[in-house]
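Trainee: Got a structure here, written out as structure tokens. Questions coming.
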Amino acid sequence: MSHKSREIPTRRQHLFAVAMRFRRRFSLTFALALILSLVLISRPPPRRIQLGEPQVVETTKPQVCVHTLLENEVDEWKIQRSLQLTREMGAATIVQFFPWAYFEPNPGQFNWEQTDLIVRHARNQGLRIIARLGLVPQWARPDGQTTLNHLPEAAFDDFAIAAARLAEQYADSIQHFIVWNEPNLSFEWGYRPVDPAAYVRLLRATYQSIKSANPQATVLAGALAPTNERRGSAAGLSDLEYLRDMYRFGASAYFDALAVHSYGLVYPPESEPAPHQLNFRRLELLRQIMIENDDEHKAVYVTETGWNDHPRWSYAVRPSRRLAYTVRAFEYAEANWPWLNQLCIWALRYPAATLSYPDNFTLISPEFELKPIYFAIQNYARDWDESATRWLPPPQAN
Amino acid sequence: MAAATTGKLMKPARLLIASVCLCGLAALLAVLASRVEPPPDKRAAFPRGEIAVGVDASFPPFAVDDGQSLTGLDIELAKAIAERIDLPLRFINISYYGLYDALISGEADLLISALRIDPSRMDDLRYTRHYFDNGLLVVSSVDAPKLNAESLAGHRVAFEIGSQAETELRKLEAESFELKLERFPYELPRYALDALRLGIADAAVVDATTLRSYQREYPSWRIERFHLTHDYFAIALSSSRRDAWRLVDDALATLIASGQLATIIDNWILSESALGSLL
């Protein structure tokens, strides 16, 4: 066993050793700091959103409205940009979906985060909100294979209470509420046979609940889908039949205005209405049913309308027709329907492209590219140049 | 002197290193070559012993059902691919919105239906190389000075109102303050081409299918054109059908290389090469 004698370091050696240790540590710290800096630099900083000065919508056509789809929008700046563009287009009102499943994910536990964002920015842009209610949270649905549109009768009161909480929470910002969406379609009724009597019970509970929270609120019934489905069909029931049933089951006492979806499909907006014809003026038939039931004093809100210009959808029209029909629809409504409160275009923008025909209903692409239809509506709403919807006659050889 | 000596000494060493590298590269290539997969077995790739092609036969000139049979560019392309693979072909005519479901459920082996490459579907699907580009083209007369996106300023540009062509032109104007166009909006894209042909406009912006179809009507009309956008059509297969994809993509590559695809396109619209010969 050998022993190596331990030498006492000189002061110089000691200082050198300390310096080396410091250098090693410093190098390590420096390297870590460098890596951290690079990581931070490579990540885009979160975009700061400022509300800015409160805005006012400049429009000459207060009935121009658009359906926004901001409930699934993650980035706040996109919510703000969407609503800015809505205001700049000259639409003073938006229809916005507030899914019950989002704002009451657990019984009695409310989460207003997304709703706050949307309401704050809409108010800042000077926009009026029509809140569309629907989408059932897991806890309110029966176990098993039920869709988010399946609202069991046992949960009607829960839905009504949630609607009242929303009305109360935003009493200074939201005055209009649509109870459910397209209840005359089986798909929208949780893939069950449609049930106008049950819908009227839901309407009654929700109407009373909202009114108790905000007596000034306007409750809209229906948002009926245009369809010719016959009684007993698995897909749904004609909107005309459904509305008659609603009155038969006493709906009149439980809504202030009727919400209707009125798509033009391949027909011009002036096309005559008929019971088996799905076109823009179909709502005149619904209006007639309201009159027959002494509800002519109530307004109608078209909460979805528009034409589609997808090249491969059988219910689409050419882009030129989409432009012209949309503006003519606004003009027709303005001239002929004094009972119409709002005409809301479906839809402003989708958060992501569907890469299918629904994309051709929008006014703005997911990347915020403004489509010609946006400018056409803007020109109409703000009473600007009309040339955006005018085309030249077919060229002729001299 | 020392440097020169070193240089002389280094030369054989460099040669040696280069030889070793080349040998290594050759060995690597040999290994890679030995690993190249053999062509897939067509019976295993298409176990039904046929190729079931999903198509939406309501989109002329790509596929149309005339009541008796299916015709169109996509139909001819499907036949040519089946011939290359040497398997019988069966068409499944379904609506556009059922196409992808038919593929995912396995009812169809592949889709040939003027389908745009959809990046969001790449988890489930695999596309072949593209067989058609339906992007927007800026078309001008061959007798006029050649135009590009920048030199459009001040020119009379014809387009279909409300279309993607108008959107792209608005974008061009927004991107450059100096680019102001004299707009000639028409109800239909073919009117935009009429305006150009008749000298009413200096340029027209239309999609490739419209231009090529129009050129068939006016084969002596000579034009210049450049792509403003691209919009590729490809064949879609399930991502789990790798061997089938290889066979179809190889067949398509052969059709492109042999000129057969161009001939098929010429039969229905007008191929890029045929269009080029008119310039």
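Ordered as shown in the structure tokens, chains take letters A, B, and onward, while each chain numbers its residues from 1 and ligands are numbered from 1 in the order shown.
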Would you kindly report the residues of chain A within 9 Å of chain B, using only C-alpha atoms, as a ChimeraX atom specification?

Mentor: /A:309,311-313,318-323,354-356,369-373,376,388-398

Trainee: If DSSP is run on the backbone, what residues of stretch 204-395 of chain A are strand (DSSP E or B)? A reply as a CSV table (one decimal) with N, CA, C and O atoms, in the first residue's frame would be ideal.

Mentor:
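Final file, selection-v2.csv:
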```
chain,number,residue,atom,x,y,z
A,218,THR,N,-85.4,39.4,-24.6
A,218,THR,CA,-86.3,38.9,-25.7
A,218,THR,C,-86.0,37.4,-25.9
A,218,THR,O,-84.8,37.1,-26.2
A,219,VAL,N,-87.0,36.6,-25.8
A,219,VAL,CA,-86.8,35.2,-26.0
A,219,VAL,C,-87.3,34.8,-27.3
A,219,VAL,O,-88.4,35.0,-27.7
A,220,LEU,N,-86.4,34.2,-28.1
A,220,LEU,CA,-86.7,33.7,-29.5
A,220,LEU,C,-86.9,32.2,-29.5
A,220,LEU,O,-86.1,31.5,-29.0
A,221,ALA,N,-88.0,31.8,-30.1
A,221,ALA,CA,-88.3,30.4,-30.2
A,221,ALA,C,-87.9,29.9,-31.6
A,221,ALA,O,-87.8,30.7,-32.5
A,222,GLY,N,-87.7,28.6,-31.6
A,222,GLY,CA,-87.6,27.9,-32.9
A,222,GLY,C,-86.2,27.8,-33.5
A,222,GLY,O,-85.5,26.9,-33.2
A,223,ALA,N,-85.8,28.9,-34.2
A,223,ALA,CA,-84.7,28.7,-35.1
A,223,ALA,C,-84.9,27.5,-36.0
A,223,ALA,O,-84.1,26.6,-36.1
A,224,LEU,N,-86.2,27.4,-36.5
A,224,LEU,CA,-86.6,26.2,-37.3
A,224,LEU,C,-85.8,26.1,-38.6
A,224,LEU,O,-85.5,27.1,-39.3
A,236,GLY,N,-86.8,14.4,-39.5
A,236,GLY,CA,-87.4,15.6,-38.9
A,236,GLY,C,-88.8,15.8,-39.3
A,236,GLY,O,-89.5,14.9,-39.7
A,257,ALA,N,-90.4,36.5,-30.0
A,257,ALA,CA,-90.2,36.6,-31.4
A,257,ALA,C,-89.8,35.2,-31.9
A,257,ALA,O,-89.4,34.3,-31.2
A,258,LEU,N,-90.0,35.1,-33.2
A,258,LEU,CA,-89.7,33.7,-33.8
A,258,LEU,C,-88.3,33.8,-34.6
A,258,LEU,O,-88.1,34.7,-35.4
A,259,ALA,N,-87.5,32.8,-34.3
A,259,ALA,CA,-86.2,32.7,-35.1
A,259,ALA,C,-86.4,31.7,-36.2
A,259,ALA,O,-87.0,30.6,-36.0
A,260,VAL,N,-85.9,32.0,-37.4
A,260,VAL,CA,-86.2,31.2,-38.6
A,260,VAL,C,-84.9,31.1,-39.3
A,260,VAL,O,-84.1,32.0,-39.4
A,261,HIS,N,-84.7,29.9,-39.9
A,261,HIS,CA,-83.5,29.8,-40.9
A,261,HIS,C,-84.1,29.8,-42.3
A,261,HIS,O,-85.1,29.0,-42.6
A,262,SER,N,-83.6,30.6,-43.2
A,262,SER,CA,-84.2,30.8,-44.5
A,262,SER,C,-83.1,30.8,-45.5
A,262,SER,O,-82.5,31.9,-45.8
A,263,TYR,N,-82.8,29.7,-46.1
A,263,TYR,CA,-81.8,29.6,-47.1
A,263,TYR,C,-82.4,29.7,-48.5
A,263,TYR,O,-83.4,29.2,-48.8
A,299,ALA,N,-92.1,39.9,-33.8
A,299,ALA,CA,-91.1,40.0,-34.9
A,299,ALA,C,-90.5,38.7,-35.3
A,299,ALA,O,-90.6,37.7,-34.6
A,300,VAL,N,-90.0,38.7,-36.5
A,300,VAL,CA,-89.3,37.5,-37.0
A,300,VAL,C,-87.8,37.8,-37.1
A,300,VAL,O,-87.4,38.9,-37.6
A,301,TYR,N,-86.9,36.9,-36.7
A,301,TYR,CA,-85.5,37.1,-36.8
A,301,TYR,C,-85.0,36.0,-37.7
A,301,TYR,O,-85.2,34.8,-37.3
A,302,VAL,N,-84.4,36.3,-38.9
A,302,VAL,CA,-83.8,35.2,-39.7
A,302,VAL,C,-82.4,35.1,-39.1
A,302,VAL,O,-81.5,35.9,-39.4
A,303,THR,N,-82.2,34.0,-38.4
A,303,THR,CA,-80.9,33.9,-37.7
A,303,THR,C,-79.9,33.1,-38.5
A,303,THR,O,-78.7,32.9,-38.1
A,304,GLU,N,-80.3,32.5,-39.7
A,304,GLU,CA,-79.4,31.9,-40.6
A,304,GLU,C,-80.0,32.1,-42.0
A,304,GLU,O,-81.1,31.8,-42.3
A,305,THR,N,-79.1,32.7,-42.9
A,305,THR,CA,-79.5,32.8,-44.3
A,305,THR,C,-78.3,32.8,-45.2
A,305,THR,O,-77.2,33.0,-44.7
A,306,GLY,N,-78.5,32.7,-46.5
A,306,GLY,CA,-77.3,32.9,-47.4
A,306,GLY,C,-77.4,31.9,-48.6
A,306,GLY,O,-78.3,31.1,-48.6
A,340,LEU,N,-89.8,42.0,-40.1
A,340,LEU,CA,-88.5,41.3,-39.9
A,340,LEU,C,-87.5,42.2,-39.1
A,340,LEU,O,-87.3,43.4,-39.4
A,341,ASN,N,-86.9,41.7,-38.1
A,341,ASN,CA,-86.0,42.4,-37.2
A,341,ASN,C,-84.6,42.3,-37.7
A,341,ASN,O,-83.9,43.3,-37.9
A,342,GLN,N,-84.1,41.1,-38.0
A,342,GLN,CA,-82.7,40.9,-38.4
A,342,GLN,C,-82.7,39.8,-39.5
A,342,GLN,O,-83.5,38.9,-39.5
A,343,LEU,N,-81.7,40.0,-40.3
A,343,LEU,CA,-81.4,39.0,-41.4
A,343,LEU,C,-79.9,38.7,-41.2
A,343,LEU,O,-79.0,39.5,-41.6
A,344,CYS,N,-79.7,37.5,-40.7
A,344,CYS,CA,-78.3,37.2,-40.2
A,344,CYS,C,-77.7,36.1,-41.2
A,344,CYS,O,-78.2,35.0,-41.4
A,345,ILE,N,-76.6,36.5,-41.8
A,345,ILE,CA,-75.9,35.7,-42.8
A,345,ILE,C,-75.1,34.5,-42.0
A,345,ILE,O,-74.5,34.8,-41.1
A,346,TRP,N,-75.3,33.3,-42.5
A,346,TRP,CA,-74.5,32.2,-42.1
A,346,TRP,C,-73.4,32.1,-43.1
A,346,TRP,O,-73.7,31.8,-44.3
A,364,ILE,N,-65.5,35.3,-44.8
A,364,ILE,CA,-64.1,35.5,-44.6
A,364,ILE,C,-63.4,34.1,-44.4
A,364,ILE,O,-64.0,33.2,-43.8
A,370,LEU,N,-60.6,38.3,-47.0
A,370,LEU,CA,-62.0,38.8,-47.2
A,370,LEU,C,-62.5,38.4,-48.6
A,370,LEU,O,-61.8,38.6,-49.6
A,392,LEU,N,-70.5,43.1,-66.0
A,392,LEU,CA,-70.6,43.6,-67.4
A,392,LEU,C,-71.4,42.6,-68.2
A,392,LEU,O,-71.4,41.4,-67.9
```

Trainee: To test your reading of the structure, identify every residue in stretch 166-266 of chain B that backbone DSSP assigns to alpha helix (DSSP H), and report it as a PyMOL selection string.

Mentor: chain B and resi 166-175+189-197+208-217+242-258+260-266

Trainee: When distances are computed from only C-alpha atoms, which of B:Ala78, B:Arg222, B:Leu237, B:Ser19 shows the smallest separation from B:Met122?

Mentor: B:Leu237

Trainee: Which residues come within 10 Å of A:Glu73, counting only C-alpha atoms, excluding same-chain residues fewer than 6 positions away, as a list of chain:residue names?

Mentor: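 Non-adjacent residues within range: A:Ile79, A:Gln114, A:Ile118, A:Tyr350, A:Pro351, A:Ala352.
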
Trainee: Just how far from atom CA of A:Gln169 is atom CA of A:Asp256, in Å to one decimal?

Mentor: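 About the pair atom CA of A:Asp256 and atom CA of A:Gln169: they are 20.7 Å apart.
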
Trainee: What is the distance between atom CA of B:Ala80 and atom CA of B:Asp133, in Å to one decimal?

Mentor: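 Interatomic distance, atom CA of B:Ala80 to atom CA of B:Asp133: 19.2 Å.
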